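File shown: work_10.cif. Contents: mmCIF, N, CA and C atoms.
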```cif
data_final
#
loop_
_atom_site.label_atom_id
_atom_site.label_comp_id
_atom_site.auth_asym_id
_atom_site.auth_seq_id
_atom_site.Cartn_x
_atom_site.Cartn_y
_atom_site.Cartn_z
N MET F 1 0.86 -1.17 0.00
CA MET F 1 0.00 0.00 0.00
C MET F 1 0.90 1.22 0.00
N GLU F 2 0.74 2.02 -1.02
CA GLU F 2 1.53 3.24 -1.17
C GLU F 2 0.73 4.42 -0.64
N ALA F 3 1.00 4.83 0.55
CA ALA F 3 0.31 6.00 1.11
C ALA F 3 1.35 7.02 1.52
N ASN F 4 1.03 8.26 1.27
CA ASN F 4 1.98 9.27 1.71
C ASN F 4 1.64 9.67 3.14
N ALA F 5 2.56 10.34 3.77
CA ALA F 5 2.39 10.72 5.18
C ALA F 5 1.20 11.63 5.39
N GLN F 6 0.89 12.47 4.41
CA GLN F 6 -0.25 13.38 4.53
C GLN F 6 -1.57 12.61 4.55
N GLU F 7 -1.72 11.61 3.68
CA GLU F 7 -2.93 10.78 3.69
C GLU F 7 -3.09 10.05 5.02
N LEU F 8 -2.00 9.46 5.50
CA LEU F 8 -2.05 8.73 6.77
C LEU F 8 -2.41 9.68 7.91
N ALA F 9 -1.83 10.86 7.92
CA ALA F 9 -2.14 11.83 8.98
C ALA F 9 -3.61 12.22 8.96
N LEU F 10 -4.18 12.40 7.77
CA LEU F 10 -5.61 12.73 7.67
C LEU F 10 -6.45 11.57 8.19
N GLY F 11 -6.11 10.34 7.80
CA GLY F 11 -6.83 9.17 8.28
C GLY F 11 -6.76 9.05 9.80
N GLN F 12 -5.58 9.31 10.37
CA GLN F 12 -5.43 9.25 11.82
C GLN F 12 -6.27 10.32 12.50
N GLN F 13 -6.37 11.49 11.89
CA GLN F 13 -7.18 12.57 12.44
C GLN F 13 -8.66 12.17 12.46
N VAL F 14 -9.13 11.53 11.41
CA VAL F 14 -10.51 11.06 11.35
C VAL F 14 -10.74 10.02 12.44
N LEU F 15 -9.83 9.08 12.59
CA LEU F 15 -9.97 8.05 13.63
C LEU F 15 -10.01 8.67 15.02
N GLU F 16 -9.17 9.66 15.26
CA GLU F 16 -9.13 10.32 16.57
C GLU F 16 -10.39 11.11 16.86
N ALA F 17 -11.18 11.41 15.84
CA ALA F 17 -12.45 12.12 16.03
C ALA F 17 -13.60 11.17 16.38
N GLN F 18 -13.32 9.87 16.43
CA GLN F 18 -14.32 8.85 16.77
C GLN F 18 -14.16 8.47 18.25
N PRO F 19 -15.03 8.94 19.13
CA PRO F 19 -14.88 8.65 20.56
C PRO F 19 -14.78 7.14 20.87
N PHE F 20 -15.54 6.31 20.17
CA PHE F 20 -15.49 4.87 20.46
C PHE F 20 -14.12 4.29 20.10
N SER F 21 -13.55 4.74 18.98
CA SER F 21 -12.22 4.27 18.58
C SER F 21 -11.17 4.70 19.59
N VAL F 22 -11.31 5.92 20.11
CA VAL F 22 -10.39 6.40 21.15
C VAL F 22 -10.52 5.53 22.40
N LEU F 23 -11.76 5.22 22.79
CA LEU F 23 -12.00 4.38 23.96
C LEU F 23 -11.31 3.03 23.82
N LEU F 24 -11.37 2.44 22.63
CA LEU F 24 -10.74 1.15 22.39
C LEU F 24 -9.23 1.23 22.24
N GLY F 25 -8.72 2.42 21.94
CA GLY F 25 -7.28 2.58 21.72
C GLY F 25 -6.86 2.17 20.32
N ALA F 26 -7.77 2.28 19.36
CA ALA F 26 -7.45 1.90 17.98
C ALA F 26 -6.48 2.89 17.36
N ARG F 27 -5.70 2.39 16.41
CA ARG F 27 -4.78 3.26 15.67
C ARG F 27 -4.76 2.82 14.20
N LEU F 28 -4.62 3.79 13.35
CA LEU F 28 -4.52 3.56 11.92
C LEU F 28 -3.04 3.51 11.58
N THR F 29 -2.57 2.38 11.06
CA THR F 29 -1.14 2.24 10.78
C THR F 29 -0.82 2.32 9.30
N ALA F 30 -1.85 2.21 8.45
CA ALA F 30 -1.67 2.38 7.01
C ALA F 30 -2.99 2.88 6.44
N PHE F 31 -2.89 3.78 5.47
CA PHE F 31 -4.08 4.36 4.87
C PHE F 31 -3.72 4.97 3.53
N GLY F 32 -4.41 4.56 2.49
CA GLY F 32 -4.20 5.14 1.18
C GLY F 32 -4.31 4.10 0.09
N ASP F 33 -4.53 4.59 -1.13
CA ASP F 33 -4.55 3.73 -2.30
C ASP F 33 -5.59 2.60 -2.17
N GLY F 34 -6.77 2.92 -1.59
CA GLY F 34 -7.84 1.94 -1.47
C GLY F 34 -7.61 0.86 -0.44
N ALA F 35 -6.80 1.15 0.56
CA ALA F 35 -6.52 0.16 1.60
C ALA F 35 -6.30 0.86 2.94
N ALA F 36 -6.48 0.09 4.00
CA ALA F 36 -6.26 0.63 5.35
C ALA F 36 -5.92 -0.52 6.29
N VAL F 37 -5.13 -0.20 7.29
CA VAL F 37 -4.82 -1.15 8.36
C VAL F 37 -5.12 -0.47 9.69
N LEU F 38 -5.97 -1.11 10.47
CA LEU F 38 -6.36 -0.63 11.79
C LEU F 38 -5.85 -1.63 12.81
N GLU F 39 -5.27 -1.15 13.90
CA GLU F 39 -4.75 -2.04 14.94
C GLU F 39 -5.22 -1.59 16.30
N LEU F 40 -5.29 -2.56 17.20
CA LEU F 40 -5.49 -2.21 18.61
C LEU F 40 -4.84 -3.26 19.48
N ASP F 41 -4.27 -2.79 20.58
CA ASP F 41 -3.64 -3.69 21.55
C ASP F 41 -4.72 -4.41 22.33
N VAL F 42 -4.52 -5.70 22.51
CA VAL F 42 -5.48 -6.51 23.25
C VAL F 42 -5.23 -6.31 24.75
N ARG F 43 -6.31 -6.02 25.46
CA ARG F 43 -6.26 -5.92 26.92
C ARG F 43 -7.45 -6.70 27.47
N ASP F 44 -7.42 -6.97 28.76
CA ASP F 44 -8.43 -7.83 29.36
C ASP F 44 -9.86 -7.36 29.12
N GLU F 45 -10.09 -6.06 29.09
CA GLU F 45 -11.44 -5.53 28.90
C GLU F 45 -12.02 -5.88 27.53
N LEU F 46 -11.18 -6.32 26.60
CA LEU F 46 -11.64 -6.64 25.24
C LEU F 46 -11.85 -8.14 25.04
N ARG F 47 -11.71 -8.90 26.10
CA ARG F 47 -11.85 -10.37 26.01
C ARG F 47 -13.24 -10.82 26.47
N GLN F 48 -13.63 -12.00 25.99
CA GLN F 48 -14.85 -12.62 26.49
C GLN F 48 -14.47 -13.60 27.61
N GLN F 49 -15.45 -14.35 28.10
CA GLN F 49 -15.26 -15.17 29.31
C GLN F 49 -14.22 -16.28 29.17
N ASN F 50 -13.90 -16.70 27.93
CA ASN F 50 -12.91 -17.75 27.73
C ASN F 50 -11.51 -17.21 27.44
N GLY F 51 -11.37 -15.89 27.48
CA GLY F 51 -10.07 -15.27 27.28
C GLY F 51 -9.75 -14.87 25.86
N PHE F 52 -10.67 -15.12 24.92
CA PHE F 52 -10.46 -14.73 23.53
C PHE F 52 -10.94 -13.30 23.33
N VAL F 53 -10.41 -12.63 22.31
CA VAL F 53 -10.91 -11.29 21.98
C VAL F 53 -12.38 -11.44 21.59
N HIS F 54 -13.21 -10.59 22.15
CA HIS F 54 -14.66 -10.64 21.93
C HIS F 54 -14.99 -10.42 20.46
N GLY F 55 -15.97 -11.15 19.95
CA GLY F 55 -16.39 -11.02 18.56
C GLY F 55 -16.84 -9.61 18.21
N GLY F 56 -17.40 -8.90 19.17
CA GLY F 56 -17.81 -7.52 18.92
C GLY F 56 -16.63 -6.62 18.64
N VAL F 57 -15.49 -6.90 19.25
CA VAL F 57 -14.28 -6.12 19.00
C VAL F 57 -13.77 -6.41 17.59
N LEU F 58 -13.82 -7.68 17.19
CA LEU F 58 -13.43 -8.04 15.83
C LEU F 58 -14.35 -7.36 14.81
N SER F 59 -15.65 -7.35 15.10
CA SER F 59 -16.61 -6.69 14.21
C SER F 59 -16.35 -5.20 14.10
N TYR F 60 -16.08 -4.56 15.23
CA TYR F 60 -15.73 -3.13 15.21
C TYR F 60 -14.55 -2.90 14.28
N ALA F 61 -13.49 -3.70 14.46
CA ALA F 61 -12.26 -3.50 13.68
C ALA F 61 -12.54 -3.71 12.20
N ALA F 62 -13.33 -4.73 11.85
CA ALA F 62 -13.67 -4.96 10.45
C ALA F 62 -14.46 -3.80 9.88
N ASP F 63 -15.50 -3.38 10.59
CA ASP F 63 -16.35 -2.28 10.14
C ASP F 63 -15.54 -1.03 9.87
N ASN F 64 -14.71 -0.65 10.81
CA ASN F 64 -13.94 0.58 10.65
C ASN F 64 -12.87 0.45 9.56
N ALA F 65 -12.18 -0.69 9.49
CA ALA F 65 -11.15 -0.87 8.47
C ALA F 65 -11.77 -0.88 7.07
N LEU F 66 -12.92 -1.54 6.92
CA LEU F 66 -13.60 -1.56 5.63
C LEU F 66 -13.94 -0.13 5.19
N THR F 67 -14.47 0.65 6.12
CA THR F 67 -14.88 2.02 5.80
C THR F 67 -13.67 2.90 5.49
N PHE F 68 -12.59 2.74 6.24
CA PHE F 68 -11.38 3.52 5.95
C PHE F 68 -10.80 3.15 4.59
N ALA F 69 -10.81 1.87 4.23
CA ALA F 69 -10.31 1.47 2.91
C ALA F 69 -11.13 2.13 1.81
N ALA F 70 -12.46 2.11 1.97
CA ALA F 70 -13.33 2.76 0.98
C ALA F 70 -13.03 4.26 0.92
N GLY F 71 -12.88 4.89 2.07
CA GLY F 71 -12.57 6.31 2.11
C GLY F 71 -11.24 6.63 1.44
N ALA F 72 -10.30 5.71 1.54
CA ALA F 72 -9.00 5.91 0.89
C ALA F 72 -9.12 5.86 -0.63
N ALA F 73 -10.20 5.24 -1.12
CA ALA F 73 -10.40 5.14 -2.57
C ALA F 73 -11.29 6.25 -3.12
N VAL F 74 -12.34 6.62 -2.37
CA VAL F 74 -13.35 7.54 -2.94
C VAL F 74 -13.54 8.82 -2.15
N GLY F 75 -12.82 8.99 -1.05
CA GLY F 75 -12.96 10.21 -0.25
C GLY F 75 -13.68 9.96 1.05
N PRO F 76 -13.73 10.98 1.91
CA PRO F 76 -14.19 10.79 3.29
C PRO F 76 -15.70 10.66 3.49
N ALA F 77 -16.50 10.93 2.48
CA ALA F 77 -17.96 10.90 2.66
C ALA F 77 -18.48 9.48 2.45
N VAL F 78 -18.16 8.59 3.39
CA VAL F 78 -18.56 7.19 3.29
C VAL F 78 -19.19 6.71 4.60
N LEU F 79 -20.10 5.76 4.45
CA LEU F 79 -20.79 5.15 5.60
C LEU F 79 -20.96 3.67 5.32
N THR F 80 -20.86 2.86 6.36
CA THR F 80 -21.08 1.43 6.18
C THR F 80 -22.53 1.17 5.82
N ALA F 81 -22.76 0.45 4.73
CA ALA F 81 -24.11 0.04 4.35
C ALA F 81 -24.40 -1.35 4.92
N GLY F 82 -23.38 -2.17 5.03
CA GLY F 82 -23.54 -3.50 5.61
C GLY F 82 -22.26 -4.30 5.46
N PHE F 83 -22.10 -5.29 6.33
CA PHE F 83 -20.96 -6.17 6.18
C PHE F 83 -21.27 -7.52 6.82
N THR F 84 -20.53 -8.53 6.37
CA THR F 84 -20.62 -9.86 6.97
C THR F 84 -19.25 -10.21 7.50
N ILE F 85 -19.25 -11.04 8.52
CA ILE F 85 -17.98 -11.47 9.10
C ILE F 85 -18.08 -12.96 9.38
N ASP F 86 -17.01 -13.67 9.08
CA ASP F 86 -16.90 -15.09 9.39
C ASP F 86 -15.73 -15.27 10.35
N TYR F 87 -16.05 -15.83 11.52
CA TYR F 87 -15.03 -16.10 12.53
C TYR F 87 -14.43 -17.46 12.22
N LEU F 88 -13.12 -17.52 12.04
CA LEU F 88 -12.45 -18.74 11.62
C LEU F 88 -11.83 -19.51 12.78
N ARG F 89 -11.36 -18.79 13.79
CA ARG F 89 -10.75 -19.43 14.97
C ARG F 89 -10.76 -18.42 16.11
N PRO F 90 -10.62 -18.92 17.34
CA PRO F 90 -10.58 -17.99 18.48
C PRO F 90 -9.44 -16.98 18.32
N ALA F 91 -9.72 -15.75 18.67
CA ALA F 91 -8.75 -14.67 18.53
C ALA F 91 -7.87 -14.60 19.77
N ARG F 92 -6.63 -15.04 19.62
CA ARG F 92 -5.65 -15.02 20.70
C ARG F 92 -4.41 -14.29 20.22
N GLY F 93 -3.89 -13.39 21.03
CA GLY F 93 -2.68 -12.68 20.65
C GLY F 93 -2.55 -11.37 21.38
N GLU F 94 -1.56 -10.61 20.99
CA GLU F 94 -1.23 -9.34 21.63
C GLU F 94 -1.89 -8.14 20.93
N VAL F 95 -2.00 -8.22 19.61
CA VAL F 95 -2.50 -7.11 18.80
C VAL F 95 -3.52 -7.65 17.80
N LEU F 96 -4.62 -6.93 17.66
CA LEU F 96 -5.59 -7.22 16.60
C LEU F 96 -5.27 -6.31 15.43
N ARG F 97 -5.10 -6.88 14.25
CA ARG F 97 -4.80 -6.12 13.04
C ARG F 97 -5.91 -6.39 12.02
N ALA F 98 -6.57 -5.33 11.57
CA ALA F 98 -7.60 -5.43 10.54
C ALA F 98 -7.04 -4.82 9.27
N ARG F 99 -6.84 -5.66 8.25
CA ARG F 99 -6.23 -5.22 6.99
C ARG F 99 -7.31 -5.26 5.91
N ALA F 100 -7.73 -4.09 5.44
CA ALA F 100 -8.83 -4.01 4.48
C ALA F 100 -8.37 -3.40 3.16
N GLN F 101 -9.06 -3.81 2.08
CA GLN F 101 -8.77 -3.25 0.77
C GLN F 101 -10.04 -3.21 -0.06
N VAL F 102 -10.06 -2.28 -0.97
CA VAL F 102 -11.19 -2.14 -1.89
C VAL F 102 -11.13 -3.26 -2.92
N VAL F 103 -12.28 -3.88 -3.15
CA VAL F 103 -12.42 -4.87 -4.20
C VAL F 103 -12.93 -4.19 -5.48
N ARG F 104 -13.95 -3.34 -5.29
CA ARG F 104 -14.50 -2.59 -6.42
C ARG F 104 -15.04 -1.24 -5.96
N PRO F 105 -14.44 -0.16 -6.43
CA PRO F 105 -14.98 1.17 -6.10
C PRO F 105 -16.07 1.53 -7.10
N GLY F 106 -17.18 2.03 -6.60
CA GLY F 106 -18.25 2.50 -7.46
C GLY F 106 -18.60 3.93 -7.10
N ARG F 107 -19.52 4.52 -7.88
CA ARG F 107 -19.91 5.91 -7.60
C ARG F 107 -20.77 6.01 -6.35
N SER F 108 -21.60 4.99 -6.09
CA SER F 108 -22.50 5.06 -4.93
C SER F 108 -22.20 4.00 -3.88
N ARG F 109 -21.53 2.93 -4.26
CA ARG F 109 -21.18 1.84 -3.34
C ARG F 109 -19.76 1.36 -3.61
N VAL F 110 -19.08 1.01 -2.53
CA VAL F 110 -17.72 0.48 -2.64
C VAL F 110 -17.69 -0.87 -1.93
N VAL F 111 -17.24 -1.90 -2.61
CA VAL F 111 -17.14 -3.23 -2.01
C VAL F 111 -15.70 -3.42 -1.53
N CYS F 112 -15.58 -3.86 -0.26
CA CYS F 112 -14.26 -4.04 0.35
C CYS F 112 -14.20 -5.40 1.06
N ARG F 113 -13.00 -5.87 1.31
CA ARG F 113 -12.81 -7.07 2.13
C ARG F 113 -11.76 -6.77 3.18
N CYS F 114 -11.81 -7.57 4.26
CA CYS F 114 -10.91 -7.34 5.39
C CYS F 114 -10.47 -8.66 6.00
N ASP F 115 -9.20 -8.80 6.22
CA ASP F 115 -8.65 -9.92 6.99
C ASP F 115 -8.40 -9.43 8.40
N LEU F 116 -8.86 -10.21 9.38
CA LEU F 116 -8.64 -9.88 10.80
C LEU F 116 -7.60 -10.86 11.32
N LEU F 117 -6.49 -10.29 11.75
CA LEU F 117 -5.34 -11.09 12.15
C LEU F 117 -4.98 -10.81 13.60
N MET F 118 -4.60 -11.85 14.31
CA MET F 118 -4.05 -11.68 15.65
C MET F 118 -2.53 -11.77 15.51
N VAL F 119 -1.84 -10.86 16.17
CA VAL F 119 -0.38 -10.82 16.13
C VAL F 119 0.14 -11.22 17.50
N ASP F 120 1.04 -12.21 17.53
CA ASP F 120 1.57 -12.67 18.81
C ASP F 120 2.79 -11.85 19.21
N ALA F 121 3.39 -12.19 20.34
CA ALA F 121 4.51 -11.43 20.89
C ALA F 121 5.73 -11.43 19.96
N GLU F 122 5.84 -12.45 19.10
CA GLU F 122 6.96 -12.53 18.16
C GLU F 122 6.65 -11.84 16.84
N GLY F 123 5.44 -11.30 16.70
CA GLY F 123 5.07 -10.61 15.47
C GLY F 123 4.43 -11.49 14.42
N GLU F 124 4.20 -12.75 14.76
CA GLU F 124 3.57 -13.67 13.80
C GLU F 124 2.06 -13.43 13.74
N GLU F 125 1.54 -13.37 12.51
CA GLU F 125 0.11 -13.14 12.30
C GLU F 125 -0.64 -14.47 12.14
N THR F 126 -1.85 -14.51 12.73
CA THR F 126 -2.75 -15.65 12.55
C THR F 126 -4.11 -15.11 12.13
N LEU F 127 -4.60 -15.58 11.00
CA LEU F 127 -5.90 -15.16 10.51
C LEU F 127 -6.99 -15.74 11.40
N CYS F 128 -7.86 -14.89 11.95
CA CYS F 128 -8.92 -15.38 12.83
C CYS F 128 -10.31 -15.07 12.31
N ALA F 129 -10.45 -14.14 11.36
CA ALA F 129 -11.76 -13.83 10.80
C ALA F 129 -11.57 -13.10 9.47
N VAL F 130 -12.61 -13.16 8.64
CA VAL F 130 -12.63 -12.42 7.38
C VAL F 130 -13.97 -11.71 7.28
N ALA F 131 -13.95 -10.55 6.64
CA ALA F 131 -15.18 -9.78 6.49
C ALA F 131 -15.24 -9.20 5.09
N GLN F 132 -16.47 -8.98 4.64
CA GLN F 132 -16.70 -8.28 3.38
C GLN F 132 -17.80 -7.28 3.61
N GLY F 133 -17.63 -6.09 3.06
CA GLY F 133 -18.62 -5.05 3.30
C GLY F 133 -18.91 -4.21 2.09
N THR F 134 -20.07 -3.57 2.16
CA THR F 134 -20.48 -2.59 1.16
C THR F 134 -20.53 -1.25 1.85
N ILE F 135 -19.82 -0.30 1.32
CA ILE F 135 -19.72 1.03 1.90
C ILE F 135 -20.44 2.00 0.96
N ALA F 136 -21.37 2.78 1.53
CA ALA F 136 -22.12 3.75 0.75
C ALA F 136 -21.34 5.05 0.65
N VAL F 137 -21.37 5.64 -0.53
CA VAL F 137 -20.80 6.96 -0.73
C VAL F 137 -21.91 7.96 -0.44
N ALA F 138 -21.71 8.78 0.57
CA ALA F 138 -22.74 9.72 1.03
C ALA F 138 -22.89 10.86 0.03
N ALA F 139 -24.12 11.35 -0.08
CA ALA F 139 -24.40 12.47 -0.98
C ALA F 139 -23.76 13.75 -0.47
N GLU F 140 -23.73 13.91 0.85
CA GLU F 140 -23.14 15.11 1.43
C GLU F 140 -21.83 14.76 2.11
N ARG F 141 -20.91 15.66 2.03
CA ARG F 141 -19.60 15.46 2.66
C ARG F 141 -19.71 15.73 4.15
N PRO F 142 -19.21 14.80 4.99
CA PRO F 142 -19.24 15.05 6.43
C PRO F 142 -18.27 16.16 6.81
N PRO F 143 -18.47 16.80 7.95
CA PRO F 143 -17.55 17.86 8.37
C PRO F 143 -16.16 17.30 8.62
N GLU F 144 -15.16 18.09 8.33
CA GLU F 144 -13.78 17.71 8.57
C GLU F 144 -13.52 17.67 10.07
N PRO F 145 -12.74 16.68 10.56
CA PRO F 145 -12.43 16.64 12.00
C PRO F 145 -11.70 17.91 12.42
N GLY F 146 -12.16 18.49 13.50
CA GLY F 146 -11.53 19.68 14.04
C GLY F 146 -11.81 20.95 13.24
N GLY F 147 -12.58 20.80 12.17
CA GLY F 147 -12.87 21.96 11.32
C GLY F 147 -14.26 22.51 11.58
N ALA F 148 -14.62 23.49 10.81
CA ALA F 148 -15.94 24.11 10.95
C ALA F 148 -16.91 23.56 9.96
#
```

Written form, structure tokens:
Amino acid sequence: MEANAQELALGQQVLEAQPFSVLLGARLTAFGDGAAVLELDVRDELRQQNGFVHGGVLSYAADNALTFAAGAAVGPAVLTAGFTIDYLRPARGEVLRARAQVVRPGRSRVVCRCDLLMVDAEGEETLCAVAQGTIAVAAERPPEPGGA
């Protein structure tokens, strides 16, 4: 993914304007050219009763990464229209990484896919879920973060 520092900084600014993302401690590590990578450190509050990362956290990461990938292709006026997620194995690891890319950009809808990976202490990735989503291109541009 070829993204310049300015694109990544804008993407990070948008993420920081999302209170829920701030609460989770999410960070955007790549953004541009129709792709995005969202990461968050796993902590106990994000686990379910068996010690695995909660499925809702995986869904959040997929939803946001899919939307950021679409935004990287068609601009910031995007909203999730819907997505599906398939859980492949229990999510165990230190970091959750959601790697999304555009499959097909359209004028009104953008189709994206996302791999959800758990990263262990040695940096090895394990695929734990996959998602596919349709992102709507909004008619009106949302306000810029921190702007008027």

Next on the checklist: I'd like to see the residues matched by the PyMOL selection byres (((chain F and resi 18-33 and name CA) around 10) and name CA) on this file, and ideally I'd get them as a PyMOL selection string.
Outcome noted: chain F and resi 1-17+34-43+45-46+57+60-61+64-65+68-74+96-102+145

Checklist entry - Rounded to one decimal in Å, what is the spacing between atom C of Glu122 (chain F) and CA of Leu66 (chain F)? => result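 If I compute the distance from atom C of Glu122 (chain F) to CA of Leu66 (chain F), I get 25.3 Å.
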
Next on the checklist: Write out as a PyMOL selection string the set of residues from region 12-135 of chain F that DSSP, computed on the backbone, places in alpha helix (DSSP H).
Outcome noted: chain F and resi 12-16+19-24+55-74

Write out the residues from the selection above, keeping N, CA and C atoms, as a PDB file, in the coordinates of the input.
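Listing of selection23.pdb after writing:
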```
ATOM      1  N   GLN F  12      -5.580   9.310  10.370  1.00  0.00           N
ATOM      2  CA  GLN F  12      -5.430   9.250  11.820  1.00  0.00           C
ATOM      3  C   GLN F  12      -6.270  10.320  12.500  1.00  0.00           C
ATOM      4  N   GLN F  13      -6.370  11.490  11.890  1.00  0.00           N
ATOM      5  CA  GLN F  13      -7.180  12.570  12.440  1.00  0.00           C
ATOM      6  C   GLN F  13      -8.660  12.170  12.460  1.00  0.00           C
ATOM      7  N   VAL F  14      -9.130  11.530  11.410  1.00  0.00           N
ATOM      8  CA  VAL F  14     -10.510  11.060  11.350  1.00  0.00           C
ATOM      9  C   VAL F  14     -10.740  10.020  12.440  1.00  0.00           C
ATOM     10  N   LEU F  15      -9.830   9.080  12.590  1.00  0.00           N
ATOM     11  CA  LEU F  15      -9.970   8.050  13.630  1.00  0.00           C
ATOM     12  C   LEU F  15     -10.010   8.670  15.020  1.00  0.00           C
ATOM     13  N   GLU F  16      -9.170   9.660  15.260  1.00  0.00           N
ATOM     14  CA  GLU F  16      -9.130  10.320  16.570  1.00  0.00           C
ATOM     15  C   GLU F  16     -10.390  11.110  16.860  1.00  0.00           C
ATOM     16  N   PRO F  19     -15.030   8.940  19.130  1.00  0.00           N
ATOM     17  CA  PRO F  19     -14.880   8.650  20.560  1.00  0.00           C
ATOM     18  C   PRO F  19     -14.780   7.140  20.870  1.00  0.00           C
ATOM     19  N   PHE F  20     -15.540   6.310  20.170  1.00  0.00           N
ATOM     20  CA  PHE F  20     -15.490   4.870  20.460  1.00  0.00           C
ATOM     21  C   PHE F  20     -14.120   4.290  20.100  1.00  0.00           C
ATOM     22  N   SER F  21     -13.550   4.740  18.980  1.00  0.00           N
ATOM     23  CA  SER F  21     -12.220   4.270  18.580  1.00  0.00           C
ATOM     24  C   SER F  21     -11.170   4.700  19.590  1.00  0.00           C
ATOM     25  N   VAL F  22     -11.310   5.920  20.110  1.00  0.00           N
ATOM     26  CA  VAL F  22     -10.390   6.400  21.150  1.00  0.00           C
ATOM     27  C   VAL F  22     -10.520   5.530  22.400  1.00  0.00           C
ATOM     28  N   LEU F  23     -11.760   5.220  22.790  1.00  0.00           N
ATOM     29  CA  LEU F  23     -12.000   4.380  23.960  1.00  0.00           C
ATOM     30  C   LEU F  23     -11.310   3.030  23.820  1.00  0.00           C
ATOM     31  N   LEU F  24     -11.370   2.440  22.630  1.00  0.00           N
ATOM     32  CA  LEU F  24     -10.740   1.150  22.390  1.00  0.00           C
ATOM     33  C   LEU F  24      -9.230   1.230  22.240  1.00  0.00           C
ATOM     34  N   GLY F  55     -15.970 -11.150  19.950  1.00  0.00           N
ATOM     35  CA  GLY F  55     -16.390 -11.020  18.560  1.00  0.00           C
ATOM     36  C   GLY F  55     -16.840  -9.610  18.210  1.00  0.00           C
ATOM     37  N   GLY F  56     -17.400  -8.900  19.170  1.00  0.00           N
ATOM     38  CA  GLY F  56     -17.810  -7.520  18.920  1.00  0.00           C
ATOM     39  C   GLY F  56     -16.630  -6.620  18.640  1.00  0.00           C
ATOM     40  N   VAL F  57     -15.490  -6.900  19.250  1.00  0.00           N
ATOM     41  CA  VAL F  57     -14.280  -6.120  19.000  1.00  0.00           C
ATOM     42  C   VAL F  57     -13.770  -6.410  17.590  1.00  0.00           C
ATOM     43  N   LEU F  58     -13.820  -7.680  17.190  1.00  0.00           N
ATOM     44  CA  LEU F  58     -13.430  -8.040  15.830  1.00  0.00           C
ATOM     45  C   LEU F  58     -14.350  -7.360  14.810  1.00  0.00           C
ATOM     46  N   SER F  59     -15.650  -7.350  15.100  1.00  0.00           N
ATOM     47  CA  SER F  59     -16.610  -6.690  14.210  1.00  0.00           C
ATOM     48  C   SER F  59     -16.350  -5.200  14.100  1.00  0.00           C
ATOM     49  N   TYR F  60     -16.080  -4.560  15.230  1.00  0.00           N
ATOM     50  CA  TYR F  60     -15.730  -3.130  15.210  1.00  0.00           C
ATOM     51  C   TYR F  60     -14.550  -2.900  14.280  1.00  0.00           C
ATOM     52  N   ALA F  61     -13.490  -3.700  14.460  1.00  0.00           N
ATOM     53  CA  ALA F  61     -12.260  -3.500  13.680  1.00  0.00           C
ATOM     54  C   ALA F  61     -12.540  -3.710  12.200  1.00  0.00           C
ATOM     55  N   ALA F  62     -13.330  -4.730  11.850  1.00  0.00           N
ATOM     56  CA  ALA F  62     -13.670  -4.960  10.450  1.00  0.00           C
ATOM     57  C   ALA F  62     -14.460  -3.800   9.880  1.00  0.00           C
ATOM     58  N   ASP F  63     -15.500  -3.380  10.590  1.00  0.00           N
ATOM     59  CA  ASP F  63     -16.350  -2.280  10.140  1.00  0.00           C
ATOM     60  C   ASP F  63     -15.540  -1.030   9.870  1.00  0.00           C
ATOM     61  N   ASN F  64     -14.710  -0.650  10.810  1.00  0.00           N
ATOM     62  CA  ASN F  64     -13.940   0.580  10.650  1.00  0.00           C
ATOM     63  C   ASN F  64     -12.870   0.450   9.560  1.00  0.00           C
ATOM     64  N   ALA F  65     -12.180  -0.690   9.490  1.00  0.00           N
ATOM     65  CA  ALA F  65     -11.150  -0.870   8.470  1.00  0.00           C
ATOM     66  C   ALA F  65     -11.770  -0.880   7.070  1.00  0.00           C
ATOM     67  N   LEU F  66     -12.920  -1.540   6.920  1.00  0.00           N
ATOM     68  CA  LEU F  66     -13.600  -1.560   5.630  1.00  0.00           C
ATOM     69  C   LEU F  66     -13.940  -0.130   5.190  1.00  0.00           C
ATOM     70  N   THR F  67     -14.470   0.650   6.120  1.00  0.00           N
ATOM     71  CA  THR F  67     -14.880   2.020   5.800  1.00  0.00           C
ATOM     72  C   THR F  67     -13.670   2.900   5.490  1.00  0.00           C
ATOM     73  N   PHE F  68     -12.590   2.740   6.240  1.00  0.00           N
ATOM     74  CA  PHE F  68     -11.380   3.520   5.950  1.00  0.00           C
ATOM     75  C   PHE F  68     -10.800   3.150   4.590  1.00  0.00           C
ATOM     76  N   ALA F  69     -10.810   1.870   4.230  1.00  0.00           N
ATOM     77  CA  ALA F  69     -10.310   1.470   2.910  1.00  0.00           C
ATOM     78  C   ALA F  69     -11.130   2.130   1.810  1.00  0.00           C
ATOM     79  N   ALA F  70     -12.460   2.110   1.970  1.00  0.00           N
ATOM     80  CA  ALA F  70     -13.330   2.760   0.980  1.00  0.00           C
ATOM     81  C   ALA F  70     -13.030   4.260   0.920  1.00  0.00           C
ATOM     82  N   GLY F  71     -12.880   4.890   2.070  1.00  0.00           N
ATOM     83  CA  GLY F  71     -12.570   6.310   2.110  1.00  0.00           C
ATOM     84  C   GLY F  71     -11.240   6.630   1.440  1.00  0.00           C
ATOM     85  N   ALA F  72     -10.300   5.710   1.540  1.00  0.00           N
ATOM     86  CA  ALA F  72      -9.000   5.910   0.890  1.00  0.00           C
ATOM     87  C   ALA F  72      -9.120   5.860  -0.630  1.00  0.00           C
ATOM     88  N   ALA F  73     -10.200   5.240  -1.120  1.00  0.00           N
ATOM     89  CA  ALA F  73     -10.400   5.140  -2.570  1.00  0.00           C
ATOM     90  C   ALA F  73     -11.290   6.250  -3.120  1.00  0.00           C
ATOM     91  N   VAL F  74     -12.340   6.620  -2.370  1.00  0.00           N
ATOM     92  CA  VAL F  74     -13.350   7.540  -2.940  1.00  0.00           C
ATOM     93  C   VAL F  74     -13.540   8.820  -2.150  1.00  0.00           C
TER      94      VAL F  74
END
```

Item to check | Separation of atom C of Ser59 (chain F) from CA of Cys128 (chain F) in Å | outcome: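 Between CA of Cys128 (chain F) and atom C of Ser59 (chain F) the gap works out to 12.7 Å.
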
Next on the checklist: Between CA of Met118 (chain F) and CA of Val95 (chain F), what is the distance in Å, rounded to a tenth?
Outcome noted: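 One can read the CA of Met118 (chain F) to CA of Val95 (chain F) distance as 5.8 Å.
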